[in-house]
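Structure file work09.txt with compact mmCIF, C-alpha atoms:
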# COMPACT_ATOMS: atom_id res chain seq x y z
CA MET A 1 16.65 22.05 -3.37
CA HIS A 2 20.27 22.59 -2.51
CA ILE A 3 23.32 20.91 -1.03
CA SER A 4 25.53 22.30 1.69
CA ASP A 5 29.06 20.92 2.20
CA ASN A 6 30.62 21.55 5.61
CA GLY A 7 34.07 20.77 4.23
CA SER A 8 34.60 17.93 6.67
CA GLY A 9 32.85 15.20 4.76
CA GLU A 10 29.27 16.05 5.63
CA LEU A 11 26.72 17.01 3.02
CA THR A 12 23.39 18.42 4.11
CA LEU A 13 20.57 18.26 1.61
CA TYR A 14 17.81 20.84 1.86
CA GLY A 15 14.57 21.08 -0.01
CA ASP A 16 10.85 20.59 -0.06
CA PHE A 17 9.03 17.44 -1.04
CA THR A 18 5.33 16.94 -1.50
CA ILE A 19 4.19 13.37 -1.34
CA THR A 20 0.70 12.44 -2.46
CA LEU A 21 -0.72 9.07 -1.52
CA LYS A 22 -3.94 8.19 -3.30
CA VAL A 23 -6.35 5.95 -1.42
CA LEU A 24 -8.70 3.77 -3.45
CA ASP A 25 -11.65 2.21 -1.62
CA LEU A 26 -12.36 -1.21 -3.11
CA THR A 27 -14.41 -2.56 -0.22
CA THR A 28 -17.76 -4.21 -0.92
CA ASN A 29 -19.77 -2.39 1.75
CA GLY A 30 -17.83 0.87 1.89
CA ALA A 31 -15.42 2.04 4.57
CA PRO A 32 -17.16 4.43 7.00
CA ASN A 33 -14.00 5.15 9.00
CA LEU A 34 -11.85 5.75 5.95
CA ASN A 35 -11.55 9.52 6.43
CA SER A 36 -10.28 9.27 9.97
CA LEU A 37 -7.86 6.49 9.01
CA MET A 38 -6.56 8.60 6.15
CA THR A 39 -6.12 11.64 8.41
CA PHE A 40 -4.24 9.52 10.94
CA THR A 41 -2.05 8.05 8.18
CA GLN A 42 -1.26 11.50 6.81
CA GLN A 43 -0.27 12.77 10.25
CA VAL A 44 1.93 9.78 11.01
CA ILE A 45 3.70 9.83 7.63
CA THR A 46 4.34 13.56 8.10
CA SER A 47 5.71 13.12 11.60
CA LYS A 48 7.83 10.10 10.71
CA LEU A 49 9.46 11.85 7.77
CA ARG A 50 10.05 15.02 9.78
CA GLY A 51 13.37 15.54 11.51
CA GLY A 52 15.46 14.46 8.59
CA GLY A 53 17.41 11.35 7.94
CA TYR A 54 21.06 10.59 8.39
CA LYS A 55 23.40 8.18 6.73
CA SER A 56 27.11 7.90 7.37
CA GLY A 57 29.82 6.25 5.31
CA VAL A 58 28.03 7.00 2.07
CA ILE A 59 30.34 6.51 -0.85
CA TYR A 60 29.48 8.88 -3.65
CA PHE A 61 31.04 11.20 -6.16
CA GLU A 62 33.01 14.18 -4.91
CA TYR A 63 31.00 17.35 -4.52
CA ASN A 64 32.45 20.68 -5.56
CA SER A 65 30.62 23.35 -3.60
CA SER A 66 31.95 26.23 -5.70
CA THR A 67 30.69 24.80 -8.99
CA LYS A 68 27.76 23.11 -7.22
CA SER A 69 28.34 19.91 -9.13
CA PHE A 70 29.57 16.36 -8.63
CA ASN A 71 32.82 15.15 -10.12
CA PHE A 72 31.94 11.78 -11.65
CA ARG A 73 35.63 10.85 -11.92
CA LYS A 74 36.36 11.07 -8.23
CA ASN A 75 34.75 9.39 -5.26
CA HIS A 76 34.38 10.52 -1.71
CA THR A 77 32.93 9.11 1.49
CA TYR A 78 30.31 11.39 3.02
CA SER A 79 27.92 11.60 5.90
CA ILE A 80 24.62 12.81 4.52
CA ARG A 81 21.95 14.71 6.41
CA TYR A 82 18.57 14.80 4.71
CA ASN A 83 16.99 18.02 5.90
CA PHE A 84 13.88 17.95 3.78
CA ASN A 85 10.51 19.40 4.51
CA CYS A 86 8.02 16.79 3.47
CA GLY A 87 4.45 17.83 2.84
CA VAL A 88 2.17 14.80 2.78
CA ASN A 89 -1.27 14.57 1.22
CA VAL A 90 -3.36 11.46 1.67
CA ILE A 91 -6.35 11.83 -0.60
CA GLN A 92 -9.17 9.56 -1.62
CA ILE A 93 -9.81 8.80 -5.27
CA ASN A 94 -13.01 7.32 -6.61
CA MET A 95 -12.13 6.54 -10.19
CA LEU A 96 -9.25 4.65 -11.71
CA SER A 97 -8.77 7.51 -14.14
CA GLN A 98 -7.52 9.53 -11.14
CA LEU A 99 -4.58 7.16 -10.87
CA LYS A 100 -1.74 8.41 -13.05
CA GLY A 101 1.37 6.55 -14.11
CA ASN A 102 3.73 7.36 -11.26
CA ASP A 103 1.33 7.83 -8.36
CA PHE A 104 1.63 6.28 -4.96
CA VAL A 105 -1.46 4.22 -4.24
CA LEU A 106 -2.99 2.52 -1.21
CA ALA A 107 -5.94 0.28 -2.07
CA VAL A 108 -8.38 -0.72 0.66
CA VAL A 109 -9.88 -4.21 0.32
CA ASP A 110 -12.29 -6.40 2.29
CA SER A 111 -9.71 -8.95 3.37
CA ILE A 112 -6.32 -10.43 2.56
CA GLY A 113 -5.86 -14.20 2.52
CA HIS A 114 -2.07 -14.07 2.23
CA GLN A 115 -0.12 -15.58 5.11
CA PHE A 116 3.59 -15.37 5.79
CA THR A 117 5.95 -17.42 7.92
CA ASP A 118 8.33 -15.41 10.09
CA GLN A 119 11.97 -16.25 10.69
CA TYR A 120 10.99 -18.23 13.79
CA GLY A 121 8.71 -20.49 11.77
CA LYS A 122 5.42 -18.99 12.96
CA LYS A 123 2.60 -18.26 10.53
CA HIS A 124 0.87 -14.86 10.43
CA ASN A 125 -2.04 -13.36 8.57
CA SER A 126 -1.28 -10.27 6.52
CA GLY A 127 -3.21 -7.11 7.38
CA GLY A 128 -1.58 -5.37 4.44
CA LEU A 129 0.64 -6.17 1.50
CA ALA A 130 2.84 -3.95 -0.60
CA GLN A 131 5.38 -4.13 -3.36
CA ARG A 132 8.55 -2.38 -2.35
CA ASP A 133 10.34 0.42 -4.11
CA GLY A 134 7.48 2.40 -5.57
CA GLY A 135 4.94 -0.38 -5.98
CA PRO A 136 1.30 -0.39 -4.87
CA ALA A 137 0.18 -0.95 -1.27
CA VAL A 138 -2.99 -2.72 -0.17
CA VAL A 139 -4.62 -2.88 3.28
CA SER A 140 -7.53 -4.88 4.63
CA TYR A 141 -10.10 -2.40 5.91
CA ASN A 142 -10.95 -4.42 9.03
CA GLU A 143 -7.30 -4.92 9.94
CA TRP A 144 -6.59 -1.23 9.32
CA ARG A 145 -9.36 -0.33 11.75
CA LYS A 146 -7.79 -2.61 14.36
CA ASN A 147 -4.27 -1.27 13.81
CA LYS A 148 -4.22 2.27 12.44
CA TYR A 149 -0.49 2.10 11.65
CA ILE A 150 -0.86 -0.58 8.95
CA GLY A 151 -1.47 2.02 6.24
CA VAL A 152 1.80 3.81 7.09
CA HIS A 153 3.68 0.51 7.41
CA GLU A 154 2.58 -0.56 3.94
CA PHE A 155 3.32 2.85 2.43
CA PHE A 156 6.84 2.76 3.88
CA HIS A 157 7.37 -0.48 1.96
CA THR A 158 6.51 1.55 -1.11
CA LEU A 159 9.22 4.00 -0.01
CA GLY A 160 11.74 1.16 0.09
CA LEU A 161 11.76 -0.14 3.67
CA GLY A 162 11.69 -3.84 4.50
CA ASP A 163 10.05 -5.73 7.36
CA ILE A 164 11.66 -6.21 10.76
CA GLU A 165 11.26 -9.53 12.59
CA ASP A 166 13.91 -9.05 15.26
CA LEU A 167 12.13 -9.49 18.59
CA SER A 168 14.36 -6.85 20.18
CA LYS A 169 12.92 -4.28 17.78
CA LYS A 170 9.24 -4.48 18.64
CA ASP A 171 9.22 -0.71 19.07
CA ARG A 172 9.77 -0.12 15.36
CA LEU A 173 7.10 0.71 12.83
CA MET A 174 8.47 -1.79 10.33
CA TYR A 175 8.32 -4.64 12.87
CA HIS A 176 5.47 -6.76 11.49
CA LEU A 177 4.78 -9.64 13.83
CA GLY A 178 1.80 -7.96 15.43
CA ASP A 179 2.96 -7.36 18.99
CA ASN A 180 4.51 -3.92 18.54
CA THR A 181 5.30 -1.93 21.64
CA SER A 182 5.72 1.30 19.65
CA TYR A 183 6.04 2.60 16.10
CA ASN A 184 9.42 4.32 15.73
CA ILE A 185 11.45 4.99 12.62
CA SER A 186 15.25 5.16 12.83
CA ASP A 187 17.32 7.98 11.30
CA ASN A 188 18.83 5.38 9.00
CA GLU A 189 15.39 4.24 7.79
CA ARG A 190 14.38 7.85 7.28
CA GLY A 191 17.60 8.32 5.31
CA ASP A 192 16.74 5.26 3.20
CA MET A 193 13.28 6.63 2.41
CA MET A 194 14.67 10.07 1.53
CA SER A 195 17.30 8.40 -0.57
CA PHE A 196 14.61 6.40 -2.38
CA LEU A 197 12.48 9.52 -2.89
CA MET A 198 15.25 11.57 -4.40
CA ARG A 199 16.70 8.56 -6.19
CA ASN A 200 19.71 10.38 -7.50
CA ILE A 201 21.54 13.03 -5.48
CA SER A 202 23.28 14.48 -8.50
CA ASP A 203 19.91 15.49 -9.96
CA MET A 204 19.74 18.06 -7.18
CA THR A 205 22.42 20.05 -8.93
CA LYS A 206 20.32 20.39 -12.08
CA GLY A 207 18.25 23.33 -10.93
CA THR A 208 14.56 22.64 -10.65
CA TYR A 209 14.28 19.06 -9.56
CA SER A 210 11.16 17.11 -9.99
CA TYR A 211 10.81 13.60 -8.60
CA THR A 212 9.14 10.93 -10.59
CA ASN A 213 8.24 7.58 -9.08
CA LEU A 214 10.44 5.79 -11.60
CA ASN A 215 8.70 4.96 -14.83
CA PHE A 216 6.07 2.83 -13.26
CA ASN A 217 2.62 2.25 -14.51
CA THR A 218 1.03 2.22 -11.07
CA LEU A 219 -2.40 1.33 -12.35
CA ASP A 220 -1.09 -1.70 -14.21
CA LEU A 221 1.04 -2.76 -11.21
CA LEU A 222 -1.98 -2.47 -8.93
CA ARG A 223 -4.15 -4.44 -11.36
CA ARG A 224 -1.65 -7.28 -11.49
CA PHE A 225 -1.09 -7.17 -7.73
CA LEU A 226 -4.83 -7.43 -7.05
CA LYS A 227 -5.26 -10.24 -9.56
CA ASP A 228 -2.42 -12.31 -8.13
CA THR A 229 -4.29 -15.16 -6.43
CA THR A 230 -1.40 -15.90 -4.05
CA ASN A 231 -2.13 -12.57 -2.35
CA GLY A 232 -5.73 -13.61 -1.64
CA PHE A 233 -7.33 -10.17 -1.93
CA LYS A 234 -11.10 -10.00 -1.55
CA TYR A 235 -12.60 -6.81 -2.87
CA ASN A 236 -15.39 -5.42 -4.96
CA LYS A 237 -14.18 -6.09 -8.49
CA ALA A 238 -16.86 -3.82 -9.92
CA LYS A 239 -15.04 -0.88 -8.33
CA PHE A 240 -11.86 -1.73 -10.22
CA ARG A 241 -12.94 -1.29 -13.79
CA MET B 242 47.01 -72.67 -3.38
CA VAL B 243 43.29 -72.66 -2.51
CA SER B 244 44.02 -71.75 1.12
CA ASN B 245 46.20 -68.85 -0.07
CA ILE B 246 43.33 -67.49 -2.19
CA ILE B 247 40.94 -67.84 0.77
CA LYS B 248 43.45 -66.06 3.04
CA LEU B 249 43.87 -63.26 0.48
CA SER B 250 40.10 -62.85 0.10
CA LEU B 251 39.54 -62.78 3.84
CA GLY B 252 42.37 -60.24 4.20
CA SER B 253 40.81 -58.02 1.52
CA ILE B 254 37.38 -58.21 3.14
CA LEU B 255 38.90 -57.38 6.53
CA PHE B 256 40.79 -54.40 5.00
CA LEU B 257 37.72 -53.11 3.20
CA PHE B 258 35.59 -53.53 6.32
CA THR B 259 38.16 -51.66 8.45
CA ALA B 260 38.47 -48.88 5.87
CA ALA B 261 34.69 -48.57 5.63
CA CYS B 262 34.35 -48.36 9.42
CA LEU B 263 37.10 -45.74 9.69
CA ASN B 264 35.63 -43.57 6.94
CA LYS B 265 32.03 -43.78 8.02
CA PRO B 266 32.07 -41.46 11.06
CA LYS B 267 34.30 -38.96 9.23
CA SER B 268 31.82 -38.55 6.38
CA LYS B 269 28.93 -38.21 8.82
CA GLU B 270 30.87 -35.49 10.62
CA ASN B 271 31.50 -33.66 7.35
CA THR B 272 27.82 -33.77 6.49
CA LEU B 273 26.96 -32.35 9.89
CA ILE B 274 29.49 -29.53 9.53
CA LYS B 275 28.17 -28.72 6.06
CA LYS B 276 24.60 -28.76 7.32
CA LYS B 277 25.54 -26.50 10.23
CA LEU B 278 27.18 -24.04 7.85
CA ILE B 279 24.11 -23.99 5.62
CA ASP B 280 21.82 -23.61 8.63
CA THR B 281 23.73 -20.66 10.05
CA CYS B 282 23.60 -18.74 6.77
CA ARG B 283 20.01 -17.61 6.66
CA TYR B 284 18.53 -14.83 4.59
CA TYR B 285 16.92 -12.02 6.54
CA ALA B 286 15.83 -9.40 4.04
CA TYR B 287 15.99 -6.53 6.53
CA ASP B 288 19.57 -7.31 7.59
CA VAL B 289 20.71 -7.63 3.99
CA GLN B 290 18.95 -4.41 3.11
CA GLN B 291 20.95 -2.72 5.88
CA ILE B 292 24.19 -4.04 4.39
CA VAL B 293 23.23 -2.75 0.94
CA SER B 294 22.06 0.54 2.44
CA ASN B 295 25.24 1.01 4.48
CA LEU B 296 27.42 0.23 1.50
CA GLY B 297 25.47 2.92 -0.34
CA CYS B 298 24.96 0.78 -3.46
CA TYR B 299 21.80 2.68 -4.41
CA ASN B 300 23.62 5.99 -4.59
CA CYS B 301 25.35 5.07 -7.81
CA HIS B 302 23.34 2.06 -8.98
CA ILE B 303 19.97 3.73 -8.96
CA LEU B 304 17.01 1.40 -8.79
CA ALA B 305 15.72 1.63 -12.34
CA GLY B 306 15.18 4.03 -15.16
CA ASN B 307 17.94 6.12 -16.71
CA ARG B 308 21.42 5.18 -15.63
CA LEU B 309 23.43 7.60 -13.51
CA ASN B 310 26.71 8.36 -15.27
CA GLU B 311 26.46 5.13 -17.31
CA ILE B 312 26.50 2.97 -14.16
CA SER B 313 24.26 -0.11 -14.31
CA THR B 314 20.95 0.22 -12.50
CA PHE B 315 19.85 -2.29 -9.87
CA GLU B 316 17.29 -3.57 -12.36
CA GLU B 317 20.11 -4.35 -14.78
CA LEU B 318 22.24 -5.95 -12.06
CA ALA B 319 19.32 -8.18 -11.05
CA LYS B 320 19.26 -9.67 -14.54
CA MET B 321 22.89 -10.78 -14.35
CA ASP B 322 23.89 -14.36 -13.58
CA SER B 323 24.75 -14.80 -9.86
CA LEU B 324 28.34 -15.87 -10.46
CA LYS B 325 28.91 -13.02 -12.87
CA LEU B 326 27.37 -10.73 -10.29
CA ILE B 327 29.76 -11.85 -7.54
CA ASN B 328 32.63 -11.29 -9.90
CA TYR B 329 31.23 -7.95 -11.04
CA THR B 330 30.40 -6.70 -7.57
CA PHE B 331 33.04 -8.05 -5.29
CA THR B 332 36.00 -9.03 -7.42
CA LYS B 333 36.82 -7.14 -10.55
CA LYS B 334 34.59 -4.11 -10.69
CA HIS B 335 34.45 -0.95 -8.62
CA LYS B 336 37.84 -0.16 -10.11
CA GLY B 337 39.65 -1.65 -7.15
CA TRP B 338 38.24 0.97 -4.77
CA TYR B 339 37.34 -1.71 -2.28
CA SER B 340 40.58 -3.68 -2.50
CA LYS B 341 42.99 -3.69 0.42
CA THR B 342 44.91 -0.78 -1.08
CA GLY B 343 41.96 1.02 -2.68
CA SER B 344 40.41 4.36 -1.75
CA PHE B 345 37.64 2.66 0.23
CA LYS B 346 39.73 -0.04 1.90
CA THR B 347 37.97 0.66 5.18
CA ALA B 348 34.53 0.12 3.66
CA ARG B 349 32.71 -2.94 4.90
CA MET B 350 32.57 -4.53 1.47
CA ASP B 351 35.99 -6.08 2.02
CA THR B 352 34.99 -7.56 5.35
CA LEU B 353 31.72 -9.21 4.31
CA THR B 354 31.54 -12.92 5.08
CA ASP B 355 30.76 -15.48 2.37
CA CYS B 356 27.27 -15.79 3.80
CA GLU B 357 26.74 -12.01 3.67
CA ILE B 358 28.07 -11.88 0.10
CA ASN B 359 25.68 -14.67 -0.95
CA ASN B 360 22.80 -12.88 0.73
CA VAL B 361 23.67 -9.56 -0.93
CA ILE B 362 23.69 -11.31 -4.30
CA ARG B 363 20.30 -12.89 -3.49
CA TYR B 364 18.98 -9.47 -2.46
CA ILE B 365 20.14 -7.95 -5.75
CA LYS B 366 18.61 -10.83 -7.71
CA ARG B 367 15.29 -10.36 -5.90
CA CYS B 368 15.34 -6.66 -6.65
CA CYS B 369 12.62 -5.36 -8.91
CA LYS B 370 10.82 -8.73 -8.81
CA LYS B 371 7.86 -7.34 -6.90
CA TYR B 372 7.63 -9.70 -3.96
CA PRO B 373 4.83 -8.80 -1.56
CA TYR B 374 5.83 -7.36 1.81
CA ALA B 375 3.37 -7.81 4.66
Using the file provided, produce a representation of the structure as structure tokens.
Amino acid sequence: MHISDNGSGELTLYGDFTITLKVLDLTTNGAPNLNSLMTFTQQVITSKLRGGGYKSGVIYFEYNSSTKSFNFRKNHTYSIRYNFNCGVNVIQINMLSQLKGNDFVLAVVDSIGHQFTDQYGKKHNSGGLAQRDGGPAVVSYNEWRKNKYIGVHEFFHTLGLGDIEDLSKKDRLMYHLGDNTSYNISDNERGDMMSFLMRNISDMTKGTYSYTNLNFNTLDLLRRFLKDTTNGFKYNKAKFR
Amino acid sequence: MVSNIIKLSLGSILFLFTAACLNKPKSKENTLIKKKLIDTCRYYAYDVQQIVSNLGCYNCHILAGNRLNEISTFEELAKMDSLKLINYTFTKKHKGWYSKTGSFKTARMDTLTDCEINNVIRYIKRCCKKYPYA
């Protein structure tokens, strides 16, 4: 990974990321379409993260391109281009032992009882639920079959994005009121996800850079998320032991 | 003597009645204005996230884990008392960078409304608390 400074306040970040999303089938009767849903999800995540992200007016520490380091005593306002190549793997796991501390996880359940009220006061059922910023994501298998983008939507919560309820933004993937006209991601959202993934730009100057999904215990987070009765998950508990 | 006392009492009642009538609509109006102000300041997580994202808070205050250059993480900020947080974020801290004469005087932080500031604080307080997103 490396940083390029154009000298006029724009930093371009280059590098390769590999993201692995582990899918855990917790449905009672199995999920016959799971493979095709996973393939679709992998393709969409790849395409949505491609093309880089862009954020302007980013206040950060001053970058010295000759020493390839940040000066933590001086600040600078930059535009940042995230020119990363993101490889995405969406793989199925069958045992909890395959879920390591910092993994990204998408659990598939029978149904989700959780409802939310939008900003206009209307109630909606939840086809998926996720904890933002690295937390676990869960989708209802039946709802996922009806709307193939739910898996990506939930995973992008994991990568730090919030929900959109603005009726003028029905064309956005993070719009969640069910009547989407399209599934677009903005450059800014892409920048936010890249920023979440790399967490700390200055780490890029430390040679080999390896991302860790914070110090989460994903398995424990997922266990607590599934057990939380307010979420109303129905799933085969025997598969989660 | 008795008629004077009666006159005085009636005068007082009339004064109190007039004062009560004059004050009544004013206080109702104030309540309405207050209610309107409260109603117009609503919390939309996505909009607040955009403010936080555009300000670039996460660049220095990383979410959790090891601090970057000894700067508090978001997780640590979330544990602070709201009033302290307003003071820390918008008043005293940031070394004056965001003040009218500071290096980042053009940054939006100085132009945030009270409602936006309250919402940013709420957003920070909610951080790391694992709310479900649908």
Would you kindly identify which residues have an atom no farther than 12 Å from (-12.9, -10.8, 0.8), using only C-alpha atoms and the file's own coordinates, and write them out as an NGL selection string?
:A and (26-29 or 108-114 or 139-142 or 226 or 231-237)
For a cut-off of 12 Å around (27.8, -14.0, -9.8), file coordinates, pick out all residues using only C-alpha atoms and list them as an MDAnalysis selection string.
chainID B and resid 318:333 358:363 365:366
Selected residues written out, C-alpha atoms, as an mmCIF file, keeping the file's coordinate frame:
data_model
loop_
_atom_site.group_PDB
_atom_site.id
_atom_site.type_symbol
_atom_site.label_atom_id
_atom_site.label_comp_id
_atom_site.auth_asym_id
_atom_site.auth_seq_id
_atom_site.Cartn_x
_atom_site.Cartn_y
_atom_site.Cartn_z
ATOM 1 C CA LEU B 318 22.240 -5.950 -12.060
ATOM 2 C CA ALA B 319 19.320 -8.180 -11.050
ATOM 3 C CA LYS B 320 19.260 -9.670 -14.540
ATOM 4 C CA MET B 321 22.890 -10.780 -14.350
ATOM 5 C CA ASP B 322 23.890 -14.360 -13.580
ATOM 6 C CA SER B 323 24.750 -14.800 -9.860
ATOM 7 C CA LEU B 324 28.340 -15.870 -10.460
ATOM 8 C CA LYS B 325 28.910 -13.020 -12.870
ATOM 9 C CA LEU B 326 27.370 -10.730 -10.290
ATOM 10 C CA ILE B 327 29.760 -11.850 -7.540
ATOM 11 C CA ASN B 328 32.630 -11.290 -9.900
ATOM 12 C CA TYR B 329 31.230 -7.950 -11.040
ATOM 13 C CA THR B 330 30.400 -6.700 -7.570
ATOM 14 C CA PHE B 331 33.040 -8.050 -5.290
ATOM 15 C CA THR B 332 36.000 -9.030 -7.420
ATOM 16 C CA LYS B 333 36.820 -7.140 -10.550
ATOM 17 C CA ILE B 358 28.070 -11.880 0.100
ATOM 18 C CA ASN B 359 25.680 -14.670 -0.950
ATOM 19 C CA ASN B 360 22.800 -12.880 0.730
ATOM 20 C CA VAL B 361 23.670 -9.560 -0.930
ATOM 21 C CA ILE B 362 23.690 -11.310 -4.300
ATOM 22 C CA ARG B 363 20.300 -12.890 -3.490
ATOM 23 C CA ILE B 365 20.140 -7.950 -5.750
ATOM 24 C CA LYS B 366 18.610 -10.830 -7.710
#
Could you please select, counting only C-alpha atoms, the residues of chain B within 6 Å of chain A and state them as an NGL selection string?
:B and (287 or 297 or 371 or 373-375)
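One distance worth recording is that between atom CA of A:Arg223 and atom CA of A:Gly151, which is 18.9 Å.
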What does the distance from atom CA of A:Trp144 to atom CA of A:Leu37 come to in Å, to one decimal?
7.8 Å
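In this structure, atom CA of A:Phe240 sits 17.8 Å away from atom CA of A:Leu34.
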Show me, as number ranges by chain, the residues that have an atom within 10 Å of A:Tyr14 when counting all atoms listed in the file, minus same-chain residues fewer than 6 positions from it.
A: 1-4, 52, 81-85, 204
I'd like the neighbourhood of A:Ser182 as a PDB file with C-alpha atoms, in the frame of the given file, where a residue qualifies if any of its atoms comes within 9 Å (using only C-alpha atoms), though same-chain residues fewer than 6 positions away should be ignored.
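Wrote around-v4.pdb, looks like this:
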ATOM      1  CA  LYS A 170       9.240  -4.480  18.640  1.00  0.00           C
ATOM      2  CA  ASP A 171       9.220  -0.710  19.070  1.00  0.00           C
ATOM      3  CA  ARG A 172       9.770  -0.120  15.360  1.00  0.00           C
ATOM      4  CA  LEU A 173       7.100   0.710  12.830  1.00  0.00           C
TER       5      LEU A 173
END
Go through A:Thr181, A:Arg145, A:Val152, A:Leu197 one by one, measure the shortest atom-to-atom distance of each to A:Ala31 using all atoms listed in the file, and give the residue with the smallest value.
A:Arg145
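Within 9 Å of A:Lys100, once all atoms listed in the file are used and residues closer than 6 positions along the same chain are dropped, the contacting residues are Asn217, Thr218 and Leu219 of chain A.
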Around all the atoms of stretch 113-127 of chain A listed in the file, with 8 Å of room on each side, what axis-aligned box do you get, giving centre and edge lengths in Å to one decimal, as lines of an AutoDock Vina configuration file?
center_x = 3.1
center_y = -13.8
center_z = 8.0
size_x = 33.8
size_y = 29.4
size_z = 27.6
Using only C-alpha atoms, which protein or nucleic acid residues come within 9 Å of B:His302? Drop anything in the same chain fewer than 6 positions from it, and give the result as an mmCIF file with C-alpha atoms, keeping the file's coordinate frame.
data_model
loop_
_atom_site.group_PDB
_atom_site.id
_atom_site.type_symbol
_atom_site.label_atom_id
_atom_site.label_comp_id
_atom_site.auth_asym_id
_atom_site.auth_seq_id
_atom_site.Cartn_x
_atom_site.Cartn_y
_atom_site.Cartn_z
ATOM 1 C CA ARG B 308 21.420 5.180 -15.630
ATOM 2 C CA LEU B 309 23.430 7.600 -13.510
ATOM 3 C CA ILE B 312 26.500 2.970 -14.160
ATOM 4 C CA SER B 313 24.260 -0.110 -14.310
ATOM 5 C CA THR B 314 20.950 0.220 -12.500
ATOM 6 C CA PHE B 315 19.850 -2.290 -9.870
ATOM 7 C CA GLU B 316 17.290 -3.570 -12.360
ATOM 8 C CA LEU B 318 22.240 -5.950 -12.060
#
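Between A:Met198 and the candidates B:Asn310, B:Tyr299, B:Arg367, B:His335, the tightest atom-to-atom separation, counting only C-alpha atoms, involves B:Tyr299.
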